[in-house]
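So this one's protein_29.pdb, PDB, C-alpha atoms:
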```
ATOM      1  CA  MET A   5       0.000   0.000   0.000
ATOM      2  CA  THR A   6       1.291   3.443  -0.932
ATOM      3  CA  ILE A   7       1.198   6.025   1.837
ATOM      4  CA  PHE A   8       1.070   9.703   0.854
ATOM      5  CA  GLY A   9       2.519  12.167   3.323
ATOM      6  CA  PRO A  10       2.295  15.946   3.420
ATOM      7  CA  GLU A  11       5.646  16.177   1.624
ATOM      8  CA  THR A  12       4.435  14.090  -1.354
ATOM      9  CA  PRO A  13       4.598  16.282  -4.488
ATOM     10  CA  VAL A  14       1.283  17.012  -6.180
ATOM     11  CA  VAL A  15       1.106  16.176  -9.882
ATOM     12  CA  GLU A  16       0.616  19.377 -11.852
ATOM     13  CA  LEU A  17      -2.665  19.957 -13.645
ATOM     14  CA  GLY A  18      -1.031  19.936 -17.080
ATOM     15  CA  THR A  19       0.318  16.410 -16.533
ATOM     16  CA  LEU A  20      -3.102  15.156 -15.444
ATOM     17  CA  LEU A  21      -4.744  16.724 -18.489
ATOM     18  CA  ARG A  22      -2.189  15.185 -20.840
ATOM     19  CA  GLU A  23      -2.803  11.755 -19.283
ATOM     20  CA  LEU A  24      -6.579  12.185 -19.611
ATOM     21  CA  ASN A  25      -6.284  13.363 -23.220
ATOM     22  CA  HIS A  26      -3.996  10.428 -24.010
ATOM     23  CA  ARG A  27      -6.628   8.008 -22.725
ATOM     24  CA  ILE A  28      -9.426   9.748 -24.631
ATOM     25  CA  ASN A  29      -7.438   9.686 -27.882
ATOM     26  CA  ASN A  30      -6.768   5.966 -27.433
ATOM     27  CA  GLN A  31     -10.455   5.298 -26.799
ATOM     28  CA  PHE A  32     -11.451   7.263 -29.910
ATOM     29  CA  ALA A  33      -8.936   5.287 -31.977
ATOM     30  CA  SER A  34     -10.171   1.974 -30.565
ATOM     31  CA  ALA A  35     -13.826   2.798 -31.263
ATOM     32  CA  ILE A  36     -13.048   3.994 -34.806
ATOM     33  CA  ASN A  37     -11.020   0.874 -35.599
ATOM     34  CA  SER A  38     -13.676  -1.480 -34.223
ATOM     35  CA  MET A  39     -16.496   0.214 -36.122
ATOM     36  CA  SER A  40     -14.451   0.330 -39.328
ATOM     37  CA  VAL A  41     -13.932  -3.430 -39.126
ATOM     38  CA  GLU A  42     -17.661  -3.966 -38.631
ATOM     39  CA  ALA A  43     -18.397  -1.729 -41.635
ATOM     40  CA  VAL A  44     -16.214  -3.963 -43.801
ATOM     41  CA  ARG A  45     -17.875  -7.145 -42.508
ATOM     42  CA  ALA A  46     -21.456  -5.814 -42.714
ATOM     43  CA  ASP A  47     -23.797  -7.207 -45.352
ATOM     44  CA  GLY A  48     -25.865  -4.784 -47.356
ATOM     45  CA  ALA A  49     -25.241  -1.262 -48.583
ATOM     46  CA  GLU A  50     -27.528   0.324 -45.994
ATOM     47  CA  ALA A  51     -25.672  -1.201 -43.039
ATOM     48  CA  LYS A  52     -22.306  -0.295 -44.508
ATOM     49  CA  ALA A  53     -23.433   3.308 -45.073
ATOM     50  CA  ALA A  54     -24.756   3.630 -41.514
ATOM     51  CA  LEU A  55     -21.536   2.299 -40.001
ATOM     52  CA  GLY A  56     -19.494   4.495 -42.340
ATOM     53  CA  ASN A  57     -21.414   7.572 -41.172
ATOM     54  CA  ALA A  58     -20.798   6.592 -37.552
ATOM     55  CA  VAL A  59     -17.058   6.268 -38.245
ATOM     56  CA  ALA A  60     -17.024   9.729 -39.868
ATOM     57  CA  LEU A  61     -18.853  11.163 -36.856
ATOM     58  CA  LEU A  62     -16.307   9.667 -34.453
ATOM     59  CA  HIS A  63     -13.492  11.109 -36.565
ATOM     60  CA  GLY A  64     -15.173  14.518 -36.301
ATOM     61  CA  TYR A  65     -15.477  14.339 -32.516
ATOM     62  CA  ALA A  66     -11.846  13.230 -32.264
ATOM     63  CA  ASP A  67     -10.798  16.228 -34.379
ATOM     64  CA  VAL A  68     -12.689  18.586 -32.039
ATOM     65  CA  HIS A  69     -11.006  17.023 -29.022
ATOM     66  CA  ARG A  70      -7.550  17.436 -30.573
ATOM     67  CA  ALA A  71      -8.278  21.032 -31.589
ATOM     68  CA  LEU A  72      -9.268  21.876 -27.999
ATOM     69  CA  LEU A  73      -6.117  20.448 -26.409
ATOM     70  CA  MET A  74      -4.364  22.958 -24.164
ATOM     71  CA  PRO A  75      -1.205  24.234 -25.891
ATOM     72  CA  ARG A  76       1.912  22.917 -24.156
ATOM     73  CA  SER A  77       4.103  25.877 -25.031
ATOM     74  CA  GLY A  78       5.028  28.274 -22.241
ATOM     75  CA  ARG A  79       4.691  31.133 -24.693
ATOM     76  CA  LEU A  80       1.553  33.183 -25.295
ATOM     77  CA  ILE A  81      -0.910  31.705 -27.803
ATOM     78  CA  ASP A  82      -2.888  33.616 -30.443
ATOM     79  CA  VAL A  83      -6.420  32.814 -29.308
ATOM     80  CA  ALA A  84      -7.940  33.873 -32.655
ATOM     81  CA  LYS A  85      -5.967  31.167 -34.492
ATOM     82  CA  TYR A  86      -6.762  28.658 -31.741
ATOM     83  CA  ILE A  87     -10.504  29.386 -31.951
ATOM     84  CA  ARG A  88     -10.432  29.228 -35.744
ATOM     85  CA  ARG A  89      -8.979  25.712 -35.536
ATOM     86  CA  VAL A  90     -11.667  24.683 -33.044
ATOM     87  CA  CYS A  91     -14.401  26.131 -35.269
ATOM     88  CA  HIS A  92     -13.178  24.235 -38.333
ATOM     89  CA  ALA A  93     -13.329  21.012 -36.302
ATOM     90  CA  LEU A  94     -16.838  21.862 -35.049
ATOM     91  CA  ARG A  95     -18.011  22.354 -38.608
ATOM     92  CA  GLY A  96     -16.914  18.871 -39.610
ATOM     93  CA  ALA A  97     -18.287  17.197 -36.485
ATOM     94  CA  LEU A  98     -21.626  18.988 -36.062
ATOM     95  CA  LEU A  99     -22.496  22.154 -37.943
ATOM     96  CA  ASP A 100     -22.239  20.944 -41.551
ATOM     97  CA  ARG A 101     -24.588  18.038 -40.768
ATOM     98  CA  LEU A 102     -27.147  20.535 -39.444
ATOM     99  CA  SER A 103     -26.594  22.988 -42.352
ATOM    100  CA  ILE A 104     -25.576  25.743 -39.918
ATOM    101  CA  GLN A 105     -23.191  28.433 -41.132
ATOM    102  CA  LEU A 106     -20.434  29.537 -38.730
ATOM    103  CA  THR A 107     -18.624  32.856 -39.112
ATOM    104  CA  LEU A 108     -15.722  34.252 -37.131
ATOM    105  CA  LYS A 109     -14.217  37.699 -36.811
ATOM    106  CA  GLY A 110     -11.401  38.417 -34.419
ATOM    107  CA  ASP A 111      -8.115  40.254 -34.088
ATOM    108  CA  GLY A 112      -4.937  38.502 -33.042
ATOM    109  CA  LEU A 113      -4.968  38.218 -29.263
ATOM    110  CA  PRO A 114      -2.181  36.552 -27.243
ATOM    111  CA  LEU A 115      -3.267  34.642 -24.136
ATOM    112  CA  GLN A 116      -1.457  32.392 -21.701
ATOM    113  CA  PRO A 117      -1.881  28.709 -22.707
ATOM    114  CA  GLU A 118      -4.154  27.727 -19.816
ATOM    115  CA  ARG A 119      -6.342  30.824 -20.327
ATOM    116  CA  CYS A 120      -6.476  30.143 -24.068
ATOM    117  CA  TYR A 121      -7.670  26.608 -23.256
ATOM    118  CA  GLN A 122     -10.388  27.922 -20.916
ATOM    119  CA  PHE A 123     -11.480  30.441 -23.540
ATOM    120  CA  GLY A 124     -11.691  27.663 -26.148
ATOM    121  CA  LEU A 125     -13.851  25.522 -23.863
ATOM    122  CA  ILE A 126     -16.261  28.441 -23.418
ATOM    123  CA  VAL A 127     -16.587  29.079 -27.167
ATOM    124  CA  HIS A 128     -16.987  25.363 -27.857
ATOM    125  CA  GLU A 129     -19.801  25.059 -25.301
ATOM    126  CA  LEU A 130     -21.612  28.182 -26.549
ATOM    127  CA  VAL A 131     -21.444  27.145 -30.215
ATOM    128  CA  THR A 132     -22.578  23.613 -29.381
ATOM    129  CA  ASN A 133     -25.468  24.957 -27.286
ATOM    130  CA  ALA A 134     -26.540  27.259 -30.116
ATOM    131  CA  ALA A 135     -26.454  24.434 -32.663
ATOM    132  CA  LYS A 136     -28.440  22.040 -30.467
ATOM    133  CA  HIS A 137     -30.968  24.301 -28.752
ATOM    134  CA  ALA A 138     -31.631  27.337 -30.979
ATOM    135  CA  CYS A 139     -35.068  27.374 -32.655
ATOM    136  CA  PHE A 140     -34.328  28.530 -36.203
ATOM    137  CA  ASP A 141     -37.994  28.127 -37.278
ATOM    138  CA  GLY A 142     -37.181  27.205 -40.874
ATOM    139  CA  ARG A 143     -34.513  29.896 -41.286
ATOM    140  CA  ALA A 144     -31.001  29.025 -42.463
ATOM    141  CA  GLY A 145     -29.061  28.623 -39.230
ATOM    142  CA  LYS A 146     -26.222  31.083 -38.620
ATOM    143  CA  ILE A 147     -23.831  31.303 -35.673
ATOM    144  CA  ARG A 148     -21.436  34.246 -35.334
ATOM    145  CA  ILE A 149     -18.352  34.624 -33.146
ATOM    146  CA  LYS A 150     -16.988  38.147 -32.744
ATOM    147  CA  LEU A 151     -13.834  38.920 -30.768
ATOM    148  CA  ALA A 152     -12.314  42.312 -29.931
ATOM    149  CA  ARG A 153     -10.031  43.951 -27.382
ATOM    150  CA  ARG A 154      -9.907  47.479 -25.980
ATOM    151  CA  ASP A 155      -8.084  48.951 -22.994
ATOM    152  CA  GLY A 156      -7.046  45.547 -21.703
ATOM    153  CA  LEU A 157     -10.616  44.189 -21.827
ATOM    154  CA  VAL A 158     -11.620  41.312 -24.118
ATOM    155  CA  ASN A 159     -15.182  41.038 -25.414
ATOM    156  CA  CYS A 160     -16.361  37.903 -27.212
ATOM    157  CA  VAL A 161     -19.908  37.647 -28.561
ATOM    158  CA  VAL A 162     -21.400  34.319 -29.664
ATOM    159  CA  SER A 163     -24.772  34.894 -31.329
ATOM    160  CA  ASP A 164     -27.215  33.018 -33.547
ATOM    161  CA  ASN A 165     -30.314  33.865 -35.550
ATOM    162  CA  GLY A 166     -32.560  31.440 -33.687
ATOM    163  CA  SER A 167     -35.072  32.266 -30.998
ATOM    164  CA  ALA A 168     -34.682  30.986 -27.472
ATOM    165  CA  ALA A 169     -36.469  27.782 -26.576
ATOM    166  CA  THR A 170     -39.502  28.250 -24.316
ATOM    167  CA  ARG A 171     -38.147  25.755 -21.815
ATOM    168  CA  VAL A 172     -34.450  25.513 -21.051
ATOM    169  CA  ARG A 173     -33.342  21.911 -20.901
ATOM    170  CA  HIS A 174     -31.275  20.492 -18.052
ATOM    171  CA  GLU A 175     -28.370  19.832 -20.435
ATOM    172  CA  GLN A 176     -28.365  23.465 -21.547
ATOM    173  CA  ARG A 177     -28.519  24.799 -17.976
ATOM    174  CA  GLN A 178     -25.618  22.586 -16.981
ATOM    175  CA  GLY A 179     -23.565  23.783 -19.952
ATOM    176  CA  LEU A 180     -24.218  27.438 -19.096
ATOM    177  CA  ARG A 181     -23.181  26.823 -15.485
ATOM    178  CA  ILE A 182     -19.897  25.389 -16.727
ATOM    179  CA  VAL A 183     -19.452  28.417 -19.001
ATOM    180  CA  GLY A 184     -20.056  30.729 -16.038
ATOM    181  CA  ASP A 185     -17.477  28.882 -13.931
ATOM    182  CA  LEU A 186     -14.918  29.057 -16.736
ATOM    183  CA  ALA A 187     -15.609  32.776 -17.217
ATOM    184  CA  ARG A 188     -14.996  33.398 -13.504
ATOM    185  CA  SER A 189     -11.737  31.451 -13.734
ATOM    186  CA  LEU A 190     -10.677  33.997 -16.376
ATOM    187  CA  GLY A 191     -11.665  36.813 -14.029
ATOM    188  CA  GLY A 192     -14.617  37.673 -16.258
ATOM    189  CA  ARG A 193     -18.365  37.294 -16.581
ATOM    190  CA  ILE A 194     -21.110  36.136 -18.941
ATOM    191  CA  GLU A 195     -24.161  38.128 -20.065
ATOM    192  CA  GLN A 196     -27.067  36.747 -22.115
ATOM    193  CA  GLY A 197     -29.631  38.296 -24.400
ATOM    194  CA  ALA A 198     -32.492  36.807 -26.406
ATOM    195  CA  GLY A 199     -35.328  37.913 -28.645
ATOM    196  CA  THR A 200     -37.803  36.502 -31.147
ATOM    197  CA  ASP A 201     -35.170  35.996 -33.824
ATOM    198  CA  PHE A 202     -31.786  36.160 -32.092
ATOM    199  CA  ARG A 203     -29.811  34.973 -29.081
ATOM    200  CA  SER A 204     -26.419  36.193 -27.905
ATOM    201  CA  VAL A 205     -23.953  35.523 -25.121
ATOM    202  CA  VAL A 206     -21.207  38.030 -24.288
ATOM    203  CA  LEU A 207     -18.017  36.970 -22.510
ATOM    204  CA  SER A 208     -15.931  39.779 -20.997
ATOM    205  CA  PHE A 209     -12.656  39.454 -19.129
ATOM    206  CA  ALA A 210      -9.499  41.458 -18.495
ATOM    207  CA  LEU A 211      -6.059  40.639 -19.854
ATOM    208  CA  THR A 212      -3.145  39.993 -17.523
ATOM    209  CA  GLN A 213      -0.253  42.433 -17.508
ATOM    210  CA  ARG A 214       1.857  40.086 -19.630
ATOM    211  CA  GLU A 215      -0.949  39.642 -22.160
ATOM    212  CA  ARG A 216      -1.556  43.398 -22.328
ATOM    213  CA  GLN A 217       2.100  44.134 -23.033
ATOM    214  CA  ALA A 218       2.244  41.471 -25.738
ATOM    215  CA  SER A 219      -0.994  42.725 -27.336
ATOM    216  CA  CYS A 220       0.269  46.272 -27.417
ATOM    217  CA  ALA A 221       3.603  45.193 -28.879
ATOM    218  CA  ILE A 222       1.765  43.382 -31.687
ATOM    219  CA  GLU A 223      -0.463  46.392 -32.301
ATOM    220  CA  SER A 224       2.488  48.777 -32.448
ATOM    221  CA  ARG A 225       4.091  46.644 -35.168
ATOM    222  CA  ARG A 226       0.822  46.628 -37.088
ATOM    223  CA  VAL A 227       0.420  50.403 -37.116
ATOM    224  CA  ARG A 228       4.119  51.320 -37.371
ATOM    225  CA  PRO A 229       4.718  53.572 -40.409
ATOM    226  CA  SER A 230       6.614  51.982 -43.248
ATOM    227  CA  ARG A 231      10.236  52.959 -43.741
ATOM    228  CA  GLN A 232      10.860  55.774 -46.169
ATOM    229  CA  VAL A 233      13.613  54.966 -48.613
ATOM    230  CA  LYS A 234      15.590  58.038 -49.527
ATOM    231  CA  THR A 235      16.594  58.050 -53.183
ATOM    232  CA  ARG A 236      19.995  59.599 -53.746
ATOM    233  CA  PRO A 237      21.038  60.795 -57.170
ATOM    234  CA  SER A 238      24.350  59.538 -58.486
ATOM    235  CA  GLY A 239      27.111  62.000 -57.867
ATOM    236  CA  SER A 240      29.937  62.797 -55.537
ATOM    237  CA  SER A 241      27.833  64.919 -53.143
ATOM    238  CA  ALA A 242      25.386  62.044 -52.501
ATOM    239  CA  GLU A 243      28.228  59.596 -51.997
ATOM    240  CA  ARG A 244      29.875  61.932 -49.494
ATOM    241  CA  GLY A 245      26.591  62.258 -47.570
ATOM    242  CA  SER A 246      26.089  58.508 -47.373
ATOM    243  CA  LYS A 247      29.071  58.110 -45.067
ATOM    244  CA  SER A 248      27.545  60.182 -42.266
ATOM    245  CA  LEU A 249      24.179  58.399 -42.691
ATOM    246  CA  ASP A 250      25.828  54.999 -42.225
ATOM    247  CA  GLN A 251      27.478  56.224 -39.038
ATOM    248  CA  GLY A 252      24.154  56.569 -37.213
ATOM    249  CA  ASP A 253      22.113  59.413 -38.694
ATOM    250  CA  ARG A 254      18.565  58.562 -39.741
ATOM    251  CA  PRO A 255      16.532  60.183 -42.513
ATOM    252  CA  ILE A 256      13.393  61.981 -41.365
ATOM    253  CA  GLY A 257      10.322  59.800 -41.177
ATOM    254  CA  VAL A 258      11.947  56.517 -40.194
ATOM    255  CA  ALA A 259      10.507  55.297 -36.886
ATOM    256  CA  ARG A 260      12.726  53.580 -34.367
ATOM    257  CA  ALA A 261      11.621  50.079 -33.459
ATOM    258  CA  ARG A 262      10.115  50.027 -29.975
ATOM    259  CA  ASN A 263      11.525  47.538 -27.523
ATOM    260  CA  PRO A 264       8.688  45.011 -26.957
ATOM    261  CA  ASP A 265       9.935  44.364 -23.428
ATOM    262  CA  VAL A 266       9.219  47.950 -22.405
ATOM    263  CA  PRO A 267       5.613  48.426 -21.206
ATOM    264  CA  PRO A 268       3.758  50.490 -23.835
ATOM    265  CA  ALA A 269       1.904  53.689 -23.259
ATOM    266  CA  ARG A 270      -1.717  53.138 -22.326
ATOM    267  CA  GLY A 271      -2.971  54.974 -25.368
ATOM    268  CA  CYS A 272      -1.541  52.446 -27.823
ATOM    269  CA  GLU A 273      -4.217  49.915 -26.928
ATOM    270  CA  LEU A 274      -6.863  52.149 -28.498
ATOM    271  CA  ALA A 275      -5.562  51.199 -31.925
ATOM    272  CA  SER A 276      -6.842  47.656 -31.535
ATOM    273  CA  CYS A 277     -10.392  48.746 -32.333
ATOM    274  CA  GLY A 278     -11.457  51.403 -34.769
ATOM    275  CA  SER A 279     -14.593  52.242 -32.858
ATOM    276  CA  ALA A 280     -15.142  54.122 -29.615
ATOM    277  CA  ASP A 281     -17.664  51.418 -28.709
ATOM    278  CA  PRO A 282     -16.159  48.055 -29.734
ATOM    279  CA  LEU A 283     -18.826  46.004 -27.981
ATOM    280  CA  GLY A 284     -21.589  47.919 -29.752
ATOM    281  CA  GLU A 285     -19.789  47.352 -33.034
ATOM    282  CA  LEU A 286     -19.487  43.649 -32.263
ATOM    283  CA  LEU A 287     -23.241  43.376 -31.742
ATOM    284  CA  SER A 288     -23.945  45.227 -34.988
ATOM    285  CA  SER A 289     -25.094  43.068 -37.911
ATOM    286  CA  SER A 290     -22.935  45.148 -40.270
ATOM    287  CA  TYR A 291     -19.708  43.995 -38.607
ATOM    288  CA  ARG A 292     -17.689  42.201 -41.311
ATOM    289  CA  MET A 293     -17.349  38.471 -40.740
ATOM    290  CA  ASP A 294     -15.235  35.671 -42.200
ATOM    291  CA  VAL A 295     -17.192  32.575 -43.244
ATOM    292  CA  LEU A 296     -15.382  29.416 -42.137
TER     293      LEU A 296
END
```
If you convert what's in this file into structure tokens, what do you get?
Amino acid sequence: MTIFGPETPVVELGTLLRELNHRINNQFASAINSMSVEAVRADGAEAKAALGNAVALLHGYADVHRALLMPRSGRLIDVAKYIRRVCHALRGALLDRLSIQLTLKGDGLPLQPERCYQFGLIVHELVTNAAKHACFDGRAGKIRIKLARRDGLVNCVVSDNGSAATRVRHEQRQGLRIVGDLARSLGGRIEQGAGTDFRSVVLSFALTQRERQASCAIESRRVRPSRQVKTRPSGSSAERGSKSLDQGDRPIGVARARNPDVPPARGCELASCGSADPLGELLSSSYRMDVL
């Protein structure tokens, strides 16, 4: 019998998650292999087609699970790219079968790996809830994800063009409770809105100091003016002037590169959104979206 004392080291959460994900991946692979064998052995086209569809569905769920895995890098992760990968997997596993269109609009936003993972779980749950529980009433289903940052605050809106169900199911309530817990773990909150032909959920949370500095460094590179190349005519006077320029002088209009390790001025974060009200712009139907 193994006895654990107070000095016994606790296994870190990342190790436990990797072990759990390893087991889940193995179980997916085992189920897919077993069902593929049965599809080959089955008699009749109808049975083969049904088993083939089940294999494709399992592949889709496995792809979603892999897309959601918490990044192992200690560096900051671009959550927009991470969410895009998750959304592509969700399309193959669920949305395409239900003929629901998914669109995404979001600026590059660096988050710590564990916070990126929590954010991905929230978006996954909200999109899945919308696909399963929204009442589209014959309309073509559409789900939109809109992501923006301003003044160190992140706003993410997940909306659909379906009306809210008259009775919230237990499964949906449980999913929203999990979303609320994950939002609080990010130091944020969830707000909901619904009408006759729309539903939306807004996630808001603040960036950490490290994430804010990285975001501002990225933004400063994006808006930095391009270098001005000074054309010098051929001749002895231009050649004589080039010597002093090479020794450290700079032509007018060339911006020095800012050290990304130096905390930026607070005002630089305003460049991340072109609107004084980014959340209002996010909720606007005219906000340009990218169809996945």
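Pairwise distance (CA of Thr132 in chain A, CA of Asn30 in chain A) equals 23.8 Å.
Between CA of Phe140 in chain A and CA of Lys85 in chain A there is a distance of 28.5 Å.
Residue neighbourhood of Gly156 in chain A, excluding near-sequence residues (fewer than 2 positions): Arg153, Arg154, Val158, Ala210, Leu211 and Arg216 of chain A, at 7 Å, using all atoms listed in the file.
The coordinates place CA of Gly112 in chain A at 8.9 Å from CA of Ala152 in chain A.
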Of A:Cys220, A:Ala198, A:Leu151, A:Leu180, the one sitting nearest Leu125 in chain A when using only C-alpha atoms is A:Leu180
Considering only C-alpha atoms, can you say which of A:Asn29, A:Ser38, A:Asn159, A:Asn165 comes closest to Ala66 in chain A?
A:Asn29
Using all atoms listed in the file, which residue out of A:Val131, A:Leu108, A:Ala93, A:Leu186 lies closest to Lys150 in chain A?
A:Leu108
Can you spell out as JSON, numbers by chain the set of residues that the PyMOL selection byres ((chain A and resi 76-84) around 12) selects in the structure I just provided?
{"A": [17, 18, 19, 21, 22, 72, 73, 74, 75, 85, 86, 87, 88, 89, 90, 91, 108, 109, 110, 111, 112, 113, 114, 115, 116, 117, 118, 119, 120, 121, 122, 123, 124, 125, 127, 149, 150, 151, 152, 153, 158, 160, 211, 212, 214, 215, 216, 217, 218, 219, 222]}
Taking the file as shown, find all residues satisfying the PyMOL selection byres ((chain A and resi 32) around 12) and write them as an mmCIF file with C-alpha atoms, in the frame of the given file.
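Result file follows (selection25.cif):
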```cif
data_model
loop_
_atom_site.group_PDB
_atom_site.id
_atom_site.type_symbol
_atom_site.label_atom_id
_atom_site.label_comp_id
_atom_site.auth_asym_id
_atom_site.auth_seq_id
_atom_site.Cartn_x
_atom_site.Cartn_y
_atom_site.Cartn_z
ATOM 1 C CA ASN A 25 -6.284 13.363 -23.220
ATOM 2 C CA HIS A 26 -3.996 10.428 -24.010
ATOM 3 C CA ARG A 27 -6.628 8.008 -22.725
ATOM 4 C CA ILE A 28 -9.426 9.748 -24.631
ATOM 5 C CA ASN A 29 -7.438 9.686 -27.882
ATOM 6 C CA ASN A 30 -6.768 5.966 -27.433
ATOM 7 C CA GLN A 31 -10.455 5.298 -26.799
ATOM 8 C CA ALA A 33 -8.936 5.287 -31.977
ATOM 9 C CA SER A 34 -10.171 1.974 -30.565
ATOM 10 C CA ALA A 35 -13.826 2.798 -31.263
ATOM 11 C CA ILE A 36 -13.048 3.994 -34.806
ATOM 12 C CA ASN A 37 -11.020 0.874 -35.599
ATOM 13 C CA SER A 38 -13.676 -1.480 -34.223
ATOM 14 C CA MET A 39 -16.496 0.214 -36.122
ATOM 15 C CA VAL A 59 -17.058 6.268 -38.245
ATOM 16 C CA ALA A 60 -17.024 9.729 -39.868
ATOM 17 C CA LEU A 61 -18.853 11.163 -36.856
ATOM 18 C CA LEU A 62 -16.307 9.667 -34.453
ATOM 19 C CA HIS A 63 -13.492 11.109 -36.565
ATOM 20 C CA GLY A 64 -15.173 14.518 -36.301
ATOM 21 C CA TYR A 65 -15.477 14.339 -32.516
ATOM 22 C CA ALA A 66 -11.846 13.230 -32.264
ATOM 23 C CA ASP A 67 -10.798 16.228 -34.379
ATOM 24 C CA VAL A 68 -12.689 18.586 -32.039
ATOM 25 C CA HIS A 69 -11.006 17.023 -29.022
ATOM 26 C CA ARG A 70 -7.550 17.436 -30.573
#
```
For Asn57 in chain A, which residue among A:Arg226, A:His128, A:Arg193, A:Arg101 is the nearest when counting all atoms listed in the file?
A:Arg101
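Distances from A:Arg203, A:Lys52, A:Lys146, A:Arg45 to Leu99 in chain A were compared using all atoms listed in the file, and the smallest one belongs to A:Lys146.
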Write out as AutoDock Vina command-line options an axis-aligned box for range 26-40 of chain A: all of its atoms listed in the file, 8 Å added on each side, centre and edge lengths in Å with one decimal.
```
--center_x -10.2 --center_y 4.5 --center_z -31.0 --size_x 28.5 --size_y 27.9 --size_z 32.6
```
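Closest to Val183 in chain A among A:Leu157, A:Ala51, A:Ile126, A:Ala46 is A:Ile126, based on all atoms listed in the file.
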